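Engineer: Following this message is one structure expressed as structure tokens.
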Amino acid sequence: MGRVVSEFVFCTGRYASGDWDSAPLVPANIIDSVARYTSIAVAPTGVVVDVHSRAVLRHPLLYMTGHLPVRFTEAERRTLREYTRRGGMIFMDDHNHDIGGIFHQTATEEIARTWTALRQLPNTHALYSAFFRFDGPPTTSHELNGWGDNLIHPHLSVVYEGDRIAVLYSNKDYSSEWSYHPDNKRFLAVDNTRFGVNIVVHALTH
Amino acid sequence: MRSLIEPRLLEGVARTLLLSALAVLLWRAWSPPAAPREAAVSSDGLQAALEEWTTSPSPARVSVRFEHLPGADARDWLAAVRRAGAEIAWSGELQPLAVEAVASAEPQHSYVIRASAGDARELVFRDRDRELVTTGGGGASIRTSMLLGPVGVSTGEGSASAAAPVAPRVSRVAVVGPAGWETKFVIAALEERGWRVDSRVTVAPGVGVGSFSLGALDTARYSAIVIVDEAPPVWLPDVTRFLDAGGGLVVSGAAVRHRSLAALLPARPGRTLTPSDTVFADRTTLGGSTLVPGPRAVVLEARGAAPIVAGGRFGAGRVIVSGYGDTWQWRMLGDEQGLEAHRDWWSAVVGAAAYAPDTSDTAISPESAPLAALHAALGPPGAAGPQPTLSFRRFPLDAALFGLTLLALVGETVSRRRRGLA
């Protein structure tokens, strides 16, 4: 079992199928932004945890992504269901930004099988004002790059546990948008990881 | 030779005696009996005796020997006999028995029923409609989420009952703390137990998430404030004023070590507890800090001999200090009951400190402590009275009159026969 800490530890979920590690630079970039903008005690490095393991319960925010088909094992489904029931929140991003793509189709199917079907998250939700203010999910530079479905996805999708977000699902391809070395933020006019800070702050406060 | 006594005169005297005795017996039969001087009775005959003493003059002195605790009717009836002028002495080896029921100051309140029953082997708890649980004797405390009507506890020797408690009304609770899992899950646990929570979660210097503002901290709006892991020093005057007005304060985790709060807390931090890194069954595996209780602190929980949760008063309010750190791990990593237990525990802790004025007008019932009520009604037990026997105080006079009647009848009959009369 890993360490038990009260600081925020960014956790990437490793599932048995697909390519769970398709965006390896995202954790470091989000950790950098959380440390840069907030006073949240954050661990300098993230962790990778098997989603079928109870160790995932140590990290109430779980990041999952991939390009390939997703098929949870029964143990993974059981653990993830328990994870959200106890209060954990999963952020799952479609690295293909393609609603006809294999990740989206299989991931949404797995979400429906594990919890319930996804619902649209209103763009007025507290998530969009948890720290920085947004009018909805910020558009990524990858949504119109010729890959994927070439659509601007105006909403994120969710599964609720009561009135709390249990699963936050995105077709925006934030995994591509945020997968660069944190030092390169200095070349950006506006830090495009700010919405990642909102996701972390929302998970820690709601 | 003629007799010295004229037989006719003798017969006349005998007849007169006979008629007189019959007249007296008849009068005594029809006239109300005189009050007996003493009576003794046991529990079994008490009801009949009370009825007799009520429909005819009470004895001057009554000795009652109780084999078991009398019911309210018998006790009050005896007290009425006593007030009517009879001297009541009672005895009996009665086990003390008492019950109380209180409702917790929580939105989804639960009821705690406590009973004390001396050496009784078994205690049966019940409400109006059902038996709740049977426990071992002595004393016991049970918690239930629902009560139907009054509660009662019975042993083989008696029973006690208490009115259903009225749950106090609670207001909102404020939670302040830094952005982190502990603050998040304290808020979640309280909301999931029905508390209306206003929070202020610090995410950056001068930046907070939530609707709570310090200016609104007043007992009219809030029952308690929970400070998790941080203690803004500038808040101290407002929190002090809130406590003085009767509000509740819960200080948890690292906030226990903040000097700015030390003057309010009934305990100071002790040694650091290292959390278990292997098994999270319940809160006994959590890390945190032990406490060193102050002189007026009440230790609420301890790990071994080391206090870890303590309570005390400040002004008109109550303060609870919890040395547990990262209780969210109990919820996330605990066993099957971890989630519910985490909610229950936090709700109970806040409820124990919360400002919740008692608006009920329920008086304490004497039936909640029947032995004490017996003492109150009849005074302390006196020397044991005589063993229960029937009273024959009327018997000697009636027997003498009957003997005299018989003697007069026989004498007259013999005299008449001697004179040759039928």
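In the structure tokens, each chain is lettered A, B, ... as it comes, each chain's residues begin at 1, and ligands are numbered from 1 in order of appearance.
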Please identify all polymer residues within 12 Å of segment 184-187 of chain A, counting only C-alpha atoms, omitting same-chain residues fewer than 2 positions from it, and present them as a ChimeraX atom specification.

Structural biologist: /A:25,29-30,32-33,36,177-182,189-194

Engineer: Among segment 16-132 of chain A, which residues carry a DSSP assignment of strand (DSSP E), reported as a count of residues only?

Structural biologist: 18

Engineer: Counting only C-alpha atoms, what are the residues of chain B within 10 Å of chain A, and for each of them which pair of atoms is the nearest and at what distance in Å, to one decimal? Sort the table by chain and rising number, as a Markdown table.

Structural biologist:
```
| residue | atom | partner | partner_atom | distance |
| --- | --- | --- | --- | --- |
| B:Gly177 | CA | A:Thr205 | CA | 9.9 |
| B:Pro178 | CA | A:Ile40 | CA | 7.3 |
| B:Ala179 | CA | A:Leu204 | CA | 5.8 |
| B:Gly180 | CA | A:Leu204 | CA | 5.3 |
| B:Trp181 | CA | A:Leu204 | CA | 5.8 |
| B:Glu182 | CA | A:Ser6 | CA | 7.6 |
| B:Thr183 | CA | A:Thr205 | CA | 7.4 |
| B:Lys184 | CA | A:Thr205 | CA | 5.1 |
| B:Phe185 | CA | A:Gly87 | CA | 7.8 |
| B:Ile187 | CA | A:His206 | CA | 8.2 |
| B:Ala188 | CA | A:His206 | CA | 7.7 |
| B:Ala189 | CA | A:Gly87 | CA | 9.8 |
| B:Glu192 | CA | A:Gly162 | CA | 9.6 |
| B:Ser199 | CA | A:Thr205 | CA | 9.2 |
| B:Arg200 | CA | A:Thr205 | CA | 9.3 |
| B:Val201 | CA | A:Thr205 | CA | 6.8 |
| B:Thr202 | CA | A:Ser39 | CA | 7.9 |
| B:Val203 | CA | A:Thr38 | CA | 5.6 |
| B:Ala204 | CA | A:Thr38 | CA | 4.4 |
| B:Pro205 | CA | A:Ser39 | CA | 6.7 |
| B:Gly206 | CA | A:Ser39 | CA | 9.9 |
| B:Val207 | CA | A:Phe131 | CA | 8.5 |
| B:Gly208 | CA | A:Phe131 | CA | 8.8 |
| B:Val209 | CA | A:Ala130 | CA | 7.1 |
| B:Gly210 | CA | A:Thr205 | CA | 8.5 |
| B:Pro275 | CA | A:Val4 | CA | 8.0 |
| B:Ser276 | CA | A:Val4 | CA | 8.7 |
| B:Asp277 | CA | A:Val4 | CA | 6.7 |
| B:Thr278 | CA | A:Met1 | CA | 6.9 |
| B:Val279 | CA | A:Met1 | CA | 9.6 |
| B:Gly287 | CA | A:Val4 | CA | 9.8 |
| B:Gly325 | CA | A:Ser6 | CA | 8.5 |
| B:Asp326 | CA | A:Ser6 | CA | 6.4 |
| B:Thr327 | CA | A:Ser6 | CA | 9.9 |
| B:Trp328 | CA | A:Ser6 | CA | 9.3 |
| B:Gln329 | CA | A:Arg58 | CA | 7.1 |
| B:Arg331 | CA | A:Arg86 | CA | 6.6 |
| B:Met332 | CA | A:Leu57 | CA | 5.6 |
| B:Leu333 | CA | A:Leu57 | CA | 5.9 |
| B:Gly334 | CA | A:Leu57 | CA | 9.5 |
| B:Gly338 | CA | A:Arg86 | CA | 8.9 |
| B:Leu339 | CA | A:Arg86 | CA | 6.3 |
| B:Glu340 | CA | A:Arg86 | CA | 9.4 |
```

Engineer: What's the 7 Å shell around Ser175 of chain A, counting only C-alpha atoms, without same-chain residues fewer than 4 positions away, as number ranges by chain?

Structural biologist: A: 23, 26, 93, 95, 179

Engineer: Keeping only C-alpha atoms, write those residues as a PDB file, in the first residue's frame.

Structural biologist:
```pdb
ATOM      1  CA  ALA A  23      -0.863  11.374 -21.584  1.00  0.00           C
ATOM      2  CA  VAL A  26      -0.649  15.760 -17.720  1.00  0.00           C
ATOM      3  CA  ASP A  93     -11.019  12.346 -20.813  1.00  0.00           C
ATOM      4  CA  HIS A  95      -7.901  11.406 -25.798  1.00  0.00           C
ATOM      5  CA  SER A 179       0.346  17.050 -22.047  1.00  0.00           C
TER       6      SER A 179
END
```

Engineer: Go ahead and compute the interatomic distance for atom CA of Arg113 of chain A and atom CA of Met89 of chain A, in Å to one decimal.

Structural biologist: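 That distance, rounded to one decimal, is 17.0 Å.
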
Engineer: Between atom CA of His68 of chain B and atom CA of Pro150 of chain B, what distance in Å does the model show, to one decimal?

Structural biologist: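 Value for the atom CA of His68 of chain B-atom CA of Pro150 of chain B distance: 22.1 Å.
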
Engineer: Using DSSP on the backbone coordinates, identify the residues of segment 342-382 of chain B assigned to alpha helix (DSSP H); present them as a PyMOL selection string.

Structural biologist: chain B and resi 342-353+370-378

Engineer: Output the selection as a short mmCIF file (atom, residue, chain, number, x, y, z; two decimals), in the first residue's frame - N, CA, C and O atoms for each residue.

Structural biologist:
```cif
data_model
loop_
_atom_site.label_atom_id
_atom_site.label_comp_id
_atom_site.auth_asym_id
_atom_site.auth_seq_id
_atom_site.Cartn_x
_atom_site.Cartn_y
_atom_site.Cartn_z
N HIS B 342 -18.37 7.16 9.61
CA HIS B 342 -17.78 8.50 9.49
C HIS B 342 -18.86 9.57 9.55
O HIS B 342 -18.73 10.56 10.27
N ARG B 343 -19.95 9.38 8.86
CA ARG B 343 -21.07 10.33 8.90
C ARG B 343 -21.64 10.43 10.32
O ARG B 343 -21.85 11.53 10.84
N ASP B 344 -21.89 9.28 10.90
CA ASP B 344 -22.52 9.26 12.24
C ASP B 344 -21.63 9.97 13.26
O ASP B 344 -22.12 10.72 14.11
N TRP B 345 -20.34 9.66 13.18
CA TRP B 345 -19.43 10.21 14.17
C TRP B 345 -19.37 11.73 14.07
O TRP B 345 -19.48 12.44 15.07
N TRP B 346 -19.20 12.24 12.87
CA TRP B 346 -19.11 13.69 12.72
C TRP B 346 -20.41 14.37 13.12
O TRP B 346 -20.41 15.43 13.77
N SER B 347 -21.53 13.78 12.75
CA SER B 347 -22.81 14.38 13.12
C SER B 347 -22.98 14.38 14.63
O SER B 347 -23.46 15.36 15.22
N ALA B 348 -22.58 13.29 15.27
CA ALA B 348 -22.72 13.22 16.73
C ALA B 348 -21.80 14.22 17.42
O ALA B 348 -22.20 14.85 18.42
N VAL B 349 -20.59 14.38 16.92
CA VAL B 349 -19.65 15.33 17.53
C VAL B 349 -20.19 16.75 17.42
O VAL B 349 -20.20 17.52 18.40
N VAL B 350 -20.65 17.11 16.23
CA VAL B 350 -21.19 18.46 16.06
C VAL B 350 -22.46 18.62 16.90
O VAL B 350 -22.67 19.66 17.53
N GLY B 351 -23.29 17.57 16.94
CA GLY B 351 -24.50 17.64 17.73
C GLY B 351 -24.22 17.81 19.22
O GLY B 351 -24.97 18.48 19.93
N ALA B 352 -23.13 17.22 19.68
CA ALA B 352 -22.79 17.34 21.10
C ALA B 352 -22.37 18.75 21.47
O ALA B 352 -22.50 19.16 22.63
N ALA B 353 -21.86 19.49 20.50
CA ALA B 353 -21.44 20.87 20.79
C ALA B 353 -22.51 21.88 20.41
O ALA B 353 -22.49 23.01 20.90
N PRO B 370 -38.90 4.80 39.73
CA PRO B 370 -40.00 4.46 40.64
C PRO B 370 -39.58 4.32 42.10
O PRO B 370 -40.38 4.63 42.99
N LEU B 371 -38.38 3.87 42.37
CA LEU B 371 -37.97 3.76 43.77
C LEU B 371 -37.79 5.14 44.39
O LEU B 371 -38.20 5.39 45.53
N ALA B 372 -37.20 6.03 43.60
CA ALA B 372 -37.06 7.41 44.09
C ALA B 372 -38.44 8.03 44.30
O ALA B 372 -38.67 8.76 45.27
N ALA B 373 -39.36 7.72 43.39
CA ALA B 373 -40.72 8.25 43.54
C ALA B 373 -41.39 7.68 44.78
O ALA B 373 -42.17 8.37 45.47
N LEU B 374 -41.09 6.42 45.11
CA LEU B 374 -41.66 5.80 46.32
C LEU B 374 -41.14 6.51 47.57
O LEU B 374 -41.89 6.79 48.50
N HIS B 375 -39.84 6.81 47.56
CA HIS B 375 -39.26 7.56 48.67
C HIS B 375 -39.93 8.92 48.79
O HIS B 375 -40.24 9.39 49.89
N ALA B 376 -40.12 9.57 47.62
CA ALA B 376 -40.72 10.90 47.64
C ALA B 376 -42.16 10.85 48.15
O ALA B 376 -42.61 11.77 48.85
N ALA B 377 -42.88 9.79 47.83
CA ALA B 377 -44.29 9.70 48.21
C ALA B 377 -44.48 9.26 49.65
O ALA B 377 -45.36 9.76 50.35
N LEU B 378 -43.67 8.32 50.11
CA LEU B 378 -43.90 7.71 51.43
C LEU B 378 -42.78 7.96 52.43
O LEU B 378 -42.85 7.50 53.56
#
```

Engineer: Neighbours of Thr155 of chain B within 9 Å (only C-alpha atoms; same-chain residues fewer than 6 positions away dropped), as a ChimeraX atom specification?

Structural biologist: /B:97,117,120-124,137

Engineer: Selection from above, C-alpha atoms, as a short mmCIF file (atom, residue, chain, number, x, y, z; two decimals), in the first residue's frame, can you write it?

Structural biologist:
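For reference, again.cif as written:
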```cif
data_model
loop_
_atom_site.label_atom_id
_atom_site.label_comp_id
_atom_site.auth_asym_id
_atom_site.auth_seq_id
_atom_site.Cartn_x
_atom_site.Cartn_y
_atom_site.Cartn_z
CA LEU B 97 -34.38 1.33 38.76
CA ALA B 117 -31.08 -1.33 37.48
CA ALA B 120 -31.01 -6.99 38.04
CA ARG B 121 -29.95 -9.74 35.70
CA GLU B 122 -31.78 -8.57 32.64
CA LEU B 123 -33.12 -5.33 31.27
CA VAL B 124 -35.82 -5.20 28.65
CA GLY B 137 -28.44 -6.29 34.03
#
```

Engineer: Choose the residue, out of B:Val239, B:Ala245, B:Leu407, B:Val299, that has the smallest atom-to-atom separation from Leu261 of chain B; count only C-alpha atoms.

Structural biologist: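 Closest to Leu261 of chain B of all the choices is B:Val239.
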
Engineer: For Arg418 of chain B, please output as a compact mmCIF listing (two decimals) with N, CA, C and O atoms, in the first residue's frame all residues within 10 Å (counting only C-alpha atoms; exclusion window: fewer than 5 positions along the same chain).

Structural biologist:
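Okay, out.txt is ready:
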```txt
# COMPACT_ATOMS: atom_id res chain seq x y z
N PRO B 7 -87.24 -19.13 90.64
CA PRO B 7 -86.88 -19.54 89.25
C PRO B 7 -87.40 -18.56 88.23
O PRO B 7 -86.75 -18.27 87.23
N GLU B 412 -82.11 -20.48 81.09
CA GLU B 412 -83.56 -20.34 81.11
C GLU B 412 -84.23 -21.67 80.77
O GLU B 412 -85.22 -22.08 81.40
N THR B 413 -83.66 -22.37 79.78
CA THR B 413 -84.25 -23.64 79.35
C THR B 413 -84.20 -24.66 80.49
O THR B 413 -85.19 -25.35 80.78
```

Engineer: Could you list, as a ChimeraX atom specification, every residue within 10 Å of segment 10-21 of chain B, counting only C-alpha atoms and ignoring same-chain residues fewer than 3 positions away?

Structural biologist: /B:5-7,24-27,398,400-416

Engineer: Would you put the residues from that selection into a file with N, CA and C atoms, as an mmCIF file, in the first residue's frame?

Structural biologist:
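File produced: again.cif:
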```cif
data_model
loop_
_atom_site.group_PDB
_atom_site.id
_atom_site.type_symbol
_atom_site.label_atom_id
_atom_site.label_comp_id
_atom_site.auth_asym_id
_atom_site.auth_seq_id
_atom_site.Cartn_x
_atom_site.Cartn_y
_atom_site.Cartn_z
ATOM 1 N N ILE B 5 -83.577 -18.461 95.293
ATOM 2 C CA ILE B 5 -83.813 -17.586 94.132
ATOM 3 C C ILE B 5 -85.056 -18.073 93.421
ATOM 4 N N GLU B 6 -85.948 -17.207 93.231
ATOM 5 C CA GLU B 6 -87.184 -17.527 92.510
ATOM 6 C C GLU B 6 -86.846 -17.883 91.077
ATOM 7 N N PRO B 7 -87.241 -19.134 90.642
ATOM 8 C CA PRO B 7 -86.885 -19.540 89.248
ATOM 9 C C PRO B 7 -87.405 -18.557 88.234
ATOM 10 N N VAL B 24 -77.341 -6.121 71.281
ATOM 11 C CA VAL B 24 -75.995 -5.552 71.078
ATOM 12 C C VAL B 24 -75.347 -6.139 69.832
ATOM 13 N N LEU B 25 -75.471 -7.479 69.671
ATOM 14 C CA LEU B 25 -74.872 -8.122 68.492
ATOM 15 C C LEU B 25 -75.497 -7.577 67.203
ATOM 16 N N LEU B 26 -76.833 -7.385 67.268
ATOM 17 C CA LEU B 26 -77.522 -6.858 66.089
ATOM 18 C C LEU B 26 -77.045 -5.444 65.776
ATOM 19 N N TRP B 27 -76.888 -4.699 66.840
ATOM 20 C CA TRP B 27 -76.424 -3.320 66.630
ATOM 21 C C TRP B 27 -75.004 -3.299 66.068
ATOM 22 N N ASP B 398 -67.554 -9.839 70.532
ATOM 23 C CA ASP B 398 -68.624 -10.601 69.884
ATOM 24 C C ASP B 398 -68.715 -12.014 70.459
ATOM 25 N N ALA B 400 -67.803 -12.967 73.455
ATOM 26 C CA ALA B 400 -68.338 -12.899 74.834
ATOM 27 C C ALA B 400 -69.847 -12.727 74.822
ATOM 28 N N LEU B 401 -70.306 -11.868 73.910
ATOM 29 C CA LEU B 401 -71.753 -11.659 73.808
ATOM 30 C C LEU B 401 -72.452 -12.934 73.358
ATOM 31 N N PHE B 402 -71.815 -13.628 72.411
ATOM 32 C CA PHE B 402 -72.399 -14.877 71.939
ATOM 33 C C PHE B 402 -72.448 -15.914 73.074
ATOM 34 N N GLY B 403 -71.344 -15.988 73.869
ATOM 35 C CA GLY B 403 -71.301 -16.923 75.002
ATOM 36 C C GLY B 403 -72.353 -16.586 76.046
ATOM 37 N N LEU B 404 -72.510 -15.269 76.275
ATOM 38 C CA LEU B 404 -73.511 -14.843 77.250
ATOM 39 C C LEU B 404 -74.911 -15.204 76.780
ATOM 40 N N THR B 405 -75.150 -15.011 75.461
ATOM 41 C CA THR B 405 -76.463 -15.356 74.886
ATOM 42 C C THR B 405 -76.733 -16.833 75.054
ATOM 43 N N LEU B 406 -75.707 -17.638 74.765
ATOM 44 C CA LEU B 406 -75.862 -19.096 74.863
ATOM 45 C C LEU B 406 -76.114 -19.513 76.314
ATOM 46 N N LEU B 407 -75.364 -18.897 77.208
ATOM 47 C CA LEU B 407 -75.491 -19.228 78.636
ATOM 48 C C LEU B 407 -76.885 -18.871 79.154
ATOM 49 N N ALA B 408 -77.365 -17.690 78.765
ATOM 50 C CA ALA B 408 -78.699 -17.259 79.205
ATOM 51 C C ALA B 408 -79.773 -18.168 78.661
ATOM 52 N N LEU B 409 -79.621 -18.595 77.405
ATOM 53 C CA LEU B 409 -80.612 -19.475 76.775
ATOM 54 C C LEU B 409 -80.642 -20.833 77.465
ATOM 55 N N VAL B 410 -79.416 -21.369 77.716
ATOM 56 C CA VAL B 410 -79.345 -22.685 78.383
ATOM 57 C C VAL B 410 -79.904 -22.576 79.808
ATOM 58 N N GLY B 411 -79.546 -21.529 80.525
ATOM 59 C CA GLY B 411 -80.005 -21.363 81.906
ATOM 60 C C GLY B 411 -81.518 -21.276 81.989
ATOM 61 N N GLU B 412 -82.112 -20.483 81.086
ATOM 62 C CA GLU B 412 -83.562 -20.340 81.105
ATOM 63 C C GLU B 412 -84.234 -21.668 80.765
ATOM 64 N N THR B 413 -83.661 -22.368 79.779
ATOM 65 C CA THR B 413 -84.248 -23.645 79.353
ATOM 66 C C THR B 413 -84.196 -24.658 80.495
ATOM 67 N N VAL B 414 -83.047 -24.758 81.164
ATOM 68 C CA VAL B 414 -82.913 -25.709 82.286
ATOM 69 C C VAL B 414 -83.888 -25.368 83.403
ATOM 70 N N SER B 415 -83.986 -24.093 83.687
ATOM 71 C CA SER B 415 -84.876 -23.662 84.761
ATOM 72 C C SER B 415 -86.313 -24.013 84.454
ATOM 73 N N ARG B 416 -86.724 -23.762 83.215
ATOM 74 C CA ARG B 416 -88.109 -24.046 82.837
ATOM 75 C C ARG B 416 -88.364 -25.550 82.899
#
```

Engineer: Using only C-alpha atoms, which of the listed residues (A:Ala166, A:Ile199, A:Val158, A:Ala28) sits closest to Thr108 of chain A?

Structural biologist: A:Val158

Engineer: Which one is closest to Leu80 of chain A: A:Ala16, A:Val167, A:Val48, A:Leu127? Count only C-alpha atoms.

Structural biologist: A:Val167

Engineer: If we count only C-alpha atoms and set the cut-off at 6 Å, which residues sit around His52 of chain A, ignoring sequence neighbours fewer than 4 positions away in its own chain? Please answer as a PyMOL selection string.

Structural biologist: chain A and resi 75-76+79
